[in-house]
Amino acid sequence: LAHNITFHEKWIGSNILSRQFFKHCDRIMVLSEACLQDLKNTMPEDIADRGLLGFHPIYDCYGESPDDLDIESVEEPTALFFGLIKPYKGLDVLIKALKQARIRIPELKLIIAGEVYGKEDKYISLIHQLHLEDAVETHFRYIQEHEIKEFFQRSQVCVLPYKSATQSGVIATAYEFNVPVIASKVGGLSEYVKDEETGILVPPDNPEALAAALIRYFEEGLFYKMRKNIPSFKQQFSWQKLVEIILQA
């Protein structure tokens, strides 16, 4: 099972290491069409032919999905950035978009919950530079499993402003709680988001487009519409269906 075919952080010998590893695999399951294409583009044909398209299943281990009262009790419009923070995940883009979106929605808040790969100084500096101290709640640390439900329960949308991606477990987590997403249209993310139904897709590395999506999402009350679409949409990403793909390989 390959979450990525190539490393996000390039280093000498990384592709050689991947190739040597994949040589010893009978099948290589990937979790998106984008990742399958990476396999074909970067590996020899005899390795690429072992590719098997699967998907990232929806998590079902963090507790029951919050009901409507849980979410509606949130007093202020709140967006969530969740998960391990690396440069390619575009948190800086989201912080800049938040500044623009608050011109129209001054009460808009952002929760950042995730461990930083490196130092969080540049994000803290950007928050201060844009005078967003009162608008951003930061949890720059590893989020324990028992804490996850609370963060999604306090948010009406999960934002993935990634600059590049293959797929993401964050969407699988958001869908467990029936929380819609706003995500960049990169890699395999669009394979997990039904645009305008379970979320909104935006161009990557574009604070203006992301701000516009946030404004429309909250001003038009899209949370209520999109949340109802998630239960049926996510059925295609069940663990049982993934097991069937593996057994039929």
# chains A, B, ... in the order shown; residues from 1 in each chain; ligands from 1
call {"tool": "residues_around", "arguments": {"residues": "Ile127 (chain A)", "least_positions_apart": "2", "cutoff": "10 Å", "atoms": "only C-alpha atoms", "output": "list in words"}}
result
Asp92, Ile95, Lys96, Leu98, Lys99, Asp121, Lys122, Tyr123, Ile124, Ser125, Gln129, Leu130, His131, Leu132, Glu133, Asp134, Ala135 and Val136 of chain A
call {"tool": "write_last_selection", "arguments": {"atoms": "C-alpha atoms", "output": "PDB file, in the first residue's frame"}}
result
ATOM      1  CA  ASP A  92       0.411  30.208   4.701  1.00  0.00           C
ATOM      2  CA  ILE A  95      -3.796  32.440   6.702  1.00  0.00           C
ATOM      3  CA  LYS A  96      -3.588  35.048   3.923  1.00  0.00           C
ATOM      4  CA  LEU A  98      -8.461  34.360   6.153  1.00  0.00           C
ATOM      5  CA  LYS A  99      -7.283  37.970   6.275  1.00  0.00           C
ATOM      6  CA  ASP A 121       7.739  30.462  13.759  1.00  0.00           C
ATOM      7  CA  LYS A 122       6.915  31.471  10.175  1.00  0.00           C
ATOM      8  CA  TYR A 123       3.204  30.794  10.691  1.00  0.00           C
ATOM      9  CA  ILE A 124       3.103  32.636  14.006  1.00  0.00           C
ATOM     10  CA  SER A 125       4.959  35.536  12.390  1.00  0.00           C
ATOM     11  CA  GLN A 129       1.974  40.412  10.605  1.00  0.00           C
ATOM     12  CA  LEU A 130      -1.642  40.241   9.404  1.00  0.00           C
ATOM     13  CA  HIS A 131      -3.034  41.125  12.859  1.00  0.00           C
ATOM     14  CA  LEU A 132      -4.989  37.885  13.113  1.00  0.00           C
ATOM     15  CA  GLU A 133      -4.101  37.010  16.704  1.00  0.00           C
ATOM     16  CA  ASP A 134      -7.738  37.166  17.807  1.00  0.00           C
ATOM     17  CA  ALA A 135      -8.972  35.222  14.779  1.00  0.00           C
ATOM     18  CA  VAL A 136      -6.653  32.207  14.858  1.00  0.00           C
TER      19      VAL A 136
END
call {"tool": "select_by_dssp", "arguments": {"residues": "region 35-123 of chain A", "states": "strand (DSSP E or B)", "output": "list in words"}}
result
Gly51, Leu52, Leu53, Thr78, Ala79, Leu80, Phe81, Phe82, Ile85, Lys109, Leu110, Ile111, Ile112, Ala113 and Val116 of chain A
call {"tool": "residues_around", "arguments": {"residues": "Thr138 (chain A)", "least_positions_apart": "6", "cutoff": "10 Å", "atoms": "only C-alpha atoms", "output": "list of chain:residue names"}}
result
A:Phe81, A:Leu110, A:Ile111, A:Ile112, A:Ala113, A:Gly114, A:Tyr123, A:Ile124
call {"tool": "residues_around", "arguments": {"residues": "Cys35 (chain A)", "least_positions_apart": "3", "cutoff": "10 Å", "atoms": "only C-alpha atoms", "output": "number ranges by chain"}}
result
A: 2-6, 29-32, 38-41, 51, 53, 165-167, 187-188
call {"tool": "closest_atom_pairs", "arguments": {"of": "region 176-210 of chain A", "to": "region 142-149 of chain A", "cutoff": "12 Å", "atoms": "only C-alpha atoms", "output": "CSV"}}
result
residue,atom,partner,partner_atom,distance
A:Glu176,CA,A:Lys149,CA,9.5
A:Phe177,CA,A:Lys149,CA,7.7
A:Asn178,CA,A:Lys149,CA,11.3
A:Val179,CA,A:Lys149,CA,11.0
call {"tool": "closest_atom_pairs", "arguments": {"of": "region 40-154 of chain A", "to": "region 194-207 of chain A", "cutoff": "8 Å", "atoms": "only C-alpha atoms", "output": "CSV"}}
result
residue,atom,partner,partner_atom,distance
A:Gly90,CA,A:Asp205,CA,7.0
A:Val93,CA,A:Pro207,CA,5.3
A:Leu94,CA,A:Pro207,CA,6.6
A:Lys96,CA,A:Pro207,CA,5.9
A:Ala97,CA,A:Pro207,CA,4.5
call {"tool": "write_last_selection", "arguments": {"atoms": "C-alpha atoms", "output": "tab-separated table (two decimals), in the first residue's frame"}}
result
chain	number	residue	atom	x	y	z
A	90	GLY	CA	-0.23	25.68	2.10
A	93	VAL	CA	-2.08	30.47	1.82
A	94	LEU	CA	-4.98	29.85	4.20
A	96	LYS	CA	-3.59	35.05	3.92
A	97	ALA	CA	-7.03	34.01	2.65
call {"tool": "residues_around", "arguments": {"residues": "Gln248 (chain A)", "least_positions_apart": "2", "cutoff": "12 Å", "atoms": "only C-alpha atoms", "output": "list in words"}}
result
Arg27, Leu52, Leu53, Gly54, Lys241, Leu242, Val243, Glu244, Ile245 and Ile246 of chain A
call {"tool": "atom_distance", "arguments": {"atom1": "CA of Lys185 (chain A)", "atom2": "CA of Ile230 (chain A)"}}
result
18.6 Å
call {"tool": "closest_residue", "arguments": {"among": "A:Pro44, A:Gly169, A:Gly13, A:Gly221", "to": "Gly83 (chain A)", "atoms": "only C-alpha atoms"}}
result
A:Gly169
call {"tool": "closest_residue", "arguments": {"among": "A:Leu247, A:Leu1, A:Val181, A:Leu108", "to": "Glu219 (chain A)", "atoms": "only C-alpha atoms"}}
result
A:Leu108
call {"tool": "select_by_dssp", "arguments": {"residues": "region 15-236 of chain A", "states": "helix (DSSP H, G or I)", "output": "PyMOL selection string"}}
result
chain A and resi 15-22+33-42+45-48+68-72+87-89+91-104+121-129+145-153+169-176+189-191+207-219+222-236
call {"tool": "write_last_selection", "arguments": {"atoms": "C-alpha atoms", "output": "mmCIF file, in the first residue's frame"}}
result
data_model
loop_
_atom_site.group_PDB
_atom_site.id
_atom_site.type_symbol
_atom_site.label_atom_id
_atom_site.label_comp_id
_atom_site.auth_asym_id
_atom_site.auth_seq_id
_atom_site.Cartn_x
_atom_site.Cartn_y
_atom_site.Cartn_z
ATOM 1 C CA ASN A 15 13.756 7.498 -6.265
ATOM 2 C CA ILE A 16 16.318 4.696 -6.257
ATOM 3 C CA LEU A 17 15.164 3.626 -2.804
ATOM 4 C CA SER A 18 11.513 3.627 -3.900
ATOM 5 C CA ARG A 19 12.326 1.604 -7.003
ATOM 6 C CA GLN A 20 14.260 -1.001 -5.031
ATOM 7 C CA PHE A 21 11.392 -1.345 -2.567
ATOM 8 C CA PHE A 22 8.683 -1.671 -5.223
ATOM 9 C CA GLU A 33 -5.695 8.037 -9.938
ATOM 10 C CA ALA A 34 -3.075 10.772 -9.499
ATOM 11 C CA CYS A 35 -0.879 8.411 -7.515
ATOM 12 C CA LEU A 36 -1.337 5.653 -10.095
ATOM 13 C CA GLN A 37 -0.184 8.090 -12.763
ATOM 14 C CA ASP A 38 2.881 8.923 -10.648
ATOM 15 C CA LEU A 39 3.690 5.219 -10.553
ATOM 16 C CA LYS A 40 3.503 5.009 -14.351
ATOM 17 C CA ASN A 41 5.538 8.183 -14.841
ATOM 18 C CA THR A 42 8.372 7.445 -12.417
ATOM 19 C CA GLU A 45 7.045 -0.586 -16.880
ATOM 20 C CA ASP A 46 7.485 -3.917 -15.075
ATOM 21 C CA ILE A 47 6.924 -2.134 -11.745
ATOM 22 C CA ALA A 48 4.185 0.213 -12.978
ATOM 23 C CA ASP A 68 -26.814 18.941 13.869
ATOM 24 C CA LEU A 69 -27.153 20.466 17.324
ATOM 25 C CA ASP A 70 -23.457 19.915 17.999
ATOM 26 C CA ILE A 71 -22.434 21.930 14.941
ATOM 27 C CA GLU A 72 -25.167 24.542 15.154
ATOM 28 C CA PRO A 87 5.273 23.624 3.474
ATOM 29 C CA TYR A 88 3.420 21.949 0.578
ATOM 30 C CA LYS A 89 0.177 21.930 2.583
ATOM 31 C CA LEU A 91 -1.123 26.847 5.600
ATOM 32 C CA ASP A 92 0.411 30.208 4.701
ATOM 33 C CA VAL A 93 -2.084 30.471 1.820
ATOM 34 C CA LEU A 94 -4.984 29.847 4.198
ATOM 35 C CA ILE A 95 -3.796 32.440 6.702
ATOM 36 C CA LYS A 96 -3.588 35.048 3.923
ATOM 37 C CA ALA A 97 -7.030 34.009 2.655
ATOM 38 C CA LEU A 98 -8.461 34.360 6.153
ATOM 39 C CA LYS A 99 -7.283 37.970 6.275
ATOM 40 C CA GLN A 100 -9.120 38.738 3.024
ATOM 41 C CA ALA A 101 -12.255 36.795 3.934
ATOM 42 C CA ARG A 102 -12.613 38.652 7.240
ATOM 43 C CA ILE A 103 -13.167 41.896 5.341
ATOM 44 C CA ARG A 104 -16.600 40.469 4.455
ATOM 45 C CA ASP A 121 7.739 30.462 13.759
ATOM 46 C CA LYS A 122 6.915 31.471 10.175
ATOM 47 C CA TYR A 123 3.204 30.794 10.691
ATOM 48 C CA ILE A 124 3.103 32.636 14.006
ATOM 49 C CA SER A 125 4.959 35.536 12.390
ATOM 50 C CA LEU A 126 2.467 35.676 9.505
ATOM 51 C CA ILE A 127 -0.478 35.647 11.919
ATOM 52 C CA HIS A 128 1.029 38.594 13.805
ATOM 53 C CA GLN A 129 1.974 40.412 10.605
ATOM 54 C CA GLU A 145 -6.900 10.526 18.894
ATOM 55 C CA HIS A 146 -9.382 11.373 21.649
ATOM 56 C CA GLU A 147 -9.132 15.098 20.748
ATOM 57 C CA ILE A 148 -9.994 14.797 17.069
ATOM 58 C CA LYS A 149 -13.777 14.757 17.376
ATOM 59 C CA GLU A 150 -13.807 18.007 19.359
ATOM 60 C CA PHE A 151 -11.906 19.941 16.681
ATOM 61 C CA PHE A 152 -14.291 18.845 13.933
ATOM 62 C CA GLN A 153 -17.284 19.395 16.185
ATOM 63 C CA GLY A 169 -6.485 11.244 5.171
ATOM 64 C CA VAL A 170 -7.761 14.608 6.383
ATOM 65 C CA ILE A 171 -10.713 14.429 3.981
ATOM 66 C CA ALA A 172 -11.458 10.914 5.225
ATOM 67 C CA THR A 173 -11.476 12.269 8.769
ATOM 68 C CA ALA A 174 -13.706 15.232 7.908
ATOM 69 C CA TYR A 175 -16.198 12.961 6.163
ATOM 70 C CA GLU A 176 -16.399 10.707 9.212
ATOM 71 C CA LEU A 189 -7.901 15.573 -3.818
ATOM 72 C CA SER A 190 -10.575 16.210 -6.435
ATOM 73 C CA GLU A 191 -11.281 12.450 -6.528
ATOM 74 C CA PRO A 207 -5.325 33.205 -1.440
ATOM 75 C CA GLU A 208 -7.867 35.289 -3.362
ATOM 76 C CA ALA A 209 -9.724 32.255 -4.723
ATOM 77 C CA LEU A 210 -9.636 30.547 -1.336
ATOM 78 C CA ALA A 211 -10.962 33.681 0.381
ATOM 79 C CA ALA A 212 -13.799 33.882 -2.148
ATOM 80 C CA ALA A 213 -14.697 30.244 -1.473
ATOM 81 C CA LEU A 214 -14.737 30.823 2.290
ATOM 82 C CA ILE A 215 -16.941 33.892 1.904
ATOM 83 C CA ARG A 216 -19.423 32.100 -0.338
ATOM 84 C CA TYR A 217 -19.454 29.004 1.851
ATOM 85 C CA PHE A 218 -20.472 30.914 4.954
ATOM 86 C CA GLU A 219 -22.617 33.636 3.382
ATOM 87 C CA LEU A 222 -23.472 25.861 2.250
ATOM 88 C CA PHE A 223 -22.580 23.835 5.332
ATOM 89 C CA TYR A 224 -26.182 22.746 5.804
ATOM 90 C CA LYS A 225 -26.633 21.763 2.151
ATOM 91 C CA MET A 226 -23.299 19.991 1.711
ATOM 92 C CA ARG A 227 -23.352 18.153 5.006
ATOM 93 C CA LYS A 228 -26.487 16.294 3.944
ATOM 94 C CA ASN A 229 -24.721 14.998 0.820
ATOM 95 C CA ILE A 230 -21.740 13.439 2.578
ATOM 96 C CA PRO A 231 -23.311 10.261 4.096
ATOM 97 C CA SER A 232 -24.327 8.836 0.706
ATOM 98 C CA PHE A 233 -21.201 10.071 -1.116
ATOM 99 C CA LYS A 234 -18.770 8.520 1.356
ATOM 100 C CA GLN A 235 -20.272 5.037 1.062
ATOM 101 C CA GLN A 236 -18.074 4.405 -1.979
#
